[in-house]
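Notes to accompany the following structure.
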Amino acid sequence: MQKLDLTTTSILLNWVHGKQPTEVEQEELIKKELNDQVKAHAFGIDQNNAQQLIEARSQLFCSAYPSVLEWCGDHGIKDEGNNIFNLMWNLWLPLAVNLAELRQKLGRTPIQGILGGQGTGKSSLASILRLLLGHLDYSTVNLSLDDIYKTHAERLSLQKIDPRLIWRGPPGTHDIYLGLQVLENCLQKDISEPILVPRFNKYAHNGEGDRGEPEALDKADIVLFEGWFVGVRPIEETVFDHPLEPIESQKDIRFAKDNNERLKAYMPLWDKLDSLFMLYPVDYRFSKQWRKEAEQKMIASGKTGMSDQEIENFVDYFWRALHPELFITPLIKQPNLVDLVIEIDKNHQYIKIYKPN
């Protein structure tokens, strides 16, 4: 993702301090937006609607910047080199404006999927979008795939049936009916009772996790449904005939095939999605690096964290379940499955935003 140039940064900085952009400066913002044709296409911006969309983005920028800055400070995102300006203008704001447009276009609650592996920032993106959409007077429901895990007792029973399910997360460890029920409730136009959104407590049972108290919401104008395999579909089993690290032994292949089969049960959930964003590391192996960095920070702060070897084993387990190269990368190449791809480099920087095909 191209960094903001000095002209755009200057316009936005002046705006933050109360100096409205001139007509010439507004035209400059529009011109620069259209110059990046790939990103403009991804956000549906063209000569006909550019002024309208840039004005909508600008108004949201003005009203939301203080609260976004506060949120970033609370979550350790530093505004180095106008980093927050860059993220807001080039990614967060256009995404929020597009979601508001989708809501108006559908005339009902849209369900927006956000797909991303470990460390890609899908939960943070969902939180920022919820904050921005609140400034547009939309009530947003953030639902994670983690929130619809089976209960701790149910997962213990599941482990007795299939001892390979040693960690929560792979297909089969979720309550699909619960997920469908929540989404259906969010889609109801006339709601007489609060919508109960399940929340997962990952600290319960010594870190094994369990379902916590649900969050009660009065309405759901927009739903953001995020998770590490949200929208991922079953693939042909013949793909597993060619070994791919760490799927190497016959035991690994059997586990991968069984998870592929379990994915079929999730299709009714994915059918509820109106759109799907993908947070896509240019190298899936970055997940290990990011997880190690996160654990090292936790240990340095005095908290308990996994060793590097434990992280290797942990991430390999999920790659054996649903390997990113086999399940996520192919989604981009299939028509009409992914609406927007956000590429991420090893430093967590968004380097490209585009619409597949």
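Residue numbering restarts at 1 in every chain; chains get A, B, ... in the order shown in the structure tokens, and ligands count up from 1 in that same order.
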Residue neighbourhood range 313-324 of chain A, 7 Å, only C-alpha atoms, exclusion window fewer than 4 positions, as a CSV table (one decimal) with C-alpha atoms, in the first residue's frame:
```
chain,number,residue,atom,x,y,z
A,170,PRO,CA,-9.8,-27.0,13.6
A,246,PRO,CA,4.2,-30.2,7.5
A,247,ILE,CA,1.7,-32.7,5.9
A,252,ASP,CA,-0.9,-36.3,8.6
A,255,PHE,CA,-5.9,-35.7,9.5
A,256,ALA,CA,-5.9,-33.2,6.6
A,259,ASN,CA,-10.6,-31.8,8.3
A,284,TYR,CA,2.1,-17.9,5.0
A,288,LYS,CA,5.3,-18.4,13.0
A,309,GLN,CA,9.6,-24.9,19.8
A,328,ILE,CA,-6.5,-20.0,1.4
A,329,THR,CA,-4.3,-19.2,-1.6
```
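Taking only range 135-316 of chain A, the residues that DSSP calls strand (DSSP E) from the backbone come to Thr140, Val141, Asn142, Leu143, Ser144, Ile195, Leu196, Val197, Phe200, Asn201, Asp210, Arg211, Glu215, Ala216, Leu217, Ile222, Val223, Leu224, Phe225, Glu226, Gly227, Ser275, Leu276, Phe277, Met278, Leu279, Tyr280 and Pro281 of chain A.
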Take the residues that were just selected and, keeping C-alpha atoms, output them as a JSON list (two decimals), in the first residue's frame.
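Final output, saved to selection.json:
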```json
[["chain", "number", "residue", "atom", "x", "y", "z"],
["A", 140, "THR", "CA", -22.01, -3.23, 14.33],
["A", 141, "VAL", "CA", -21.83, -6.78, 15.67],
["A", 142, "ASN", "CA", -18.32, -8.27, 15.79],
["A", 143, "LEU", "CA", -18.48, -12.06, 15.79],
["A", 144, "SER", "CA", -15.38, -14.24, 15.83],
["A", 195, "ILE", "CA", -29.52, -10.20, 20.33],
["A", 196, "LEU", "CA", -27.34, -12.48, 22.46],
["A", 197, "VAL", "CA", -23.89, -12.67, 20.87],
["A", 200, "PHE", "CA", -15.51, -17.08, 24.28],
["A", 201, "ASN", "CA", -13.35, -16.91, 27.40],
["A", 210, "ASP", "CA", -15.01, -22.12, 27.50],
["A", 211, "ARG", "CA", -18.07, -20.19, 26.48],
["A", 215, "GLU", "CA", -23.09, -9.88, 24.92],
["A", 216, "ALA", "CA", -26.61, -8.43, 24.63],
["A", 217, "LEU", "CA", -27.10, -5.99, 21.74],
["A", 222, "ILE", "CA", -23.81, -4.62, 10.11],
["A", 223, "VAL", "CA", -22.13, -7.92, 11.09],
["A", 224, "LEU", "CA", -18.36, -8.48, 10.90],
["A", 225, "PHE", "CA", -17.65, -12.22, 11.05],
["A", 226, "GLU", "CA", -13.93, -12.95, 11.36],
["A", 227, "GLY", "CA", -11.82, -16.05, 11.75],
["A", 275, "SER", "CA", -18.84, -10.26, 1.10],
["A", 276, "LEU", "CA", -15.43, -11.59, 2.11],
["A", 277, "PHE", "CA", -12.22, -9.67, 2.85],
["A", 278, "MET", "CA", -8.94, -11.60, 2.97],
["A", 279, "LEU", "CA", -5.90, -10.54, 5.02],
["A", 280, "TYR", "CA", -3.20, -12.30, 3.04],
["A", 281, "PRO", "CA", 0.47, -12.61, 4.12]]
```
Which residues of range 302-350 of chain A have any atom within 12 Å of an atom in range 80-100 of chain A when counting only C-alpha atoms, and what is the closest pair of atoms for each, with the distance in Å to one decimal? Order the rows by chain and rising number and write it as JSON lines.
```
{"residue": "A:Asp339", "atom": "CA", "partner": "A:Leu95", "partner_atom": "CA", "distance": 11.6}
{"residue": "A:Leu340", "atom": "CA", "partner": "A:Leu95", "partner_atom": "CA", "distance": 9.8}
{"residue": "A:Val341", "atom": "CA", "partner": "A:Leu91", "partner_atom": "CA", "distance": 11.4}
{"residue": "A:Ile342", "atom": "CA", "partner": "A:Leu91", "partner_atom": "CA", "distance": 9.1}
{"residue": "A:Glu343", "atom": "CA", "partner": "A:Leu91", "partner_atom": "CA", "distance": 11.7}
{"residue": "A:His348", "atom": "CA", "partner": "A:Leu87", "partner_atom": "CA", "distance": 11.9}
{"residue": "A:Gln349", "atom": "CA", "partner": "A:Leu87", "partner_atom": "CA", "distance": 9.6}
{"residue": "A:Tyr350", "atom": "CA", "partner": "A:Leu87", "partner_atom": "CA", "distance": 8.5}
```
**OP:** Could you give me the residues within range 196-330 of chain A that DSSP places in helix (DSSP H, G or I), as a ChimeraX atom specification?
**Re:** /A:237-241,250-270,286-300,308-321,324-327,329-330
Original post:
Of the candidates A:Glu293, A:Asp345, A:Glu312, A:Glu237, which one gets nearest to Phe327 in chain A if we count only C-alpha atoms?
Top reply: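 That would be A:Glu237, the residue with the smallest distance to Phe327 in chain A.
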Original post:
If we count only C-alpha atoms, what is near Tyr266 in chain A at a cut-off of 8 Å, once residues fewer than 4 positions away on the same chain are taken out, given as a PyMOL selection string?
Top reply: chain A and resi 176+262+270
Keeping only C-alpha atoms, take the residues you just selected and write them out as a PDB file, in the first residue's frame.
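This went into again_33.pdb:
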```
ATOM      1  CA  ILE A 176     -22.264 -24.382  13.713  1.00  0.00           C
ATOM      2  CA  ARG A 262     -15.533 -31.523   8.238  1.00  0.00           C
ATOM      3  CA  TRP A 270     -20.316 -19.246   4.632  1.00  0.00           C
TER       4      TRP A 270
END
```
Original post:
Counting only C-alpha atoms, which of A:His75, A:Arg155, A:Arg164, A:His242 gets nearest to Gly209 in chain A?
Top reply: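 Among A:His75, A:Arg155, A:Arg164, A:His242, it is A:Arg155 that comes nearest to Gly209 in chain A.
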**OP:** Using CA of Ile148 in chain A and CA of His174 in chain A as the two end points, give the distance in Å to one decimal.
**Re:**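 Interatomic distance, CA of Ile148 in chain A to CA of His174 in chain A: 5.6 Å.
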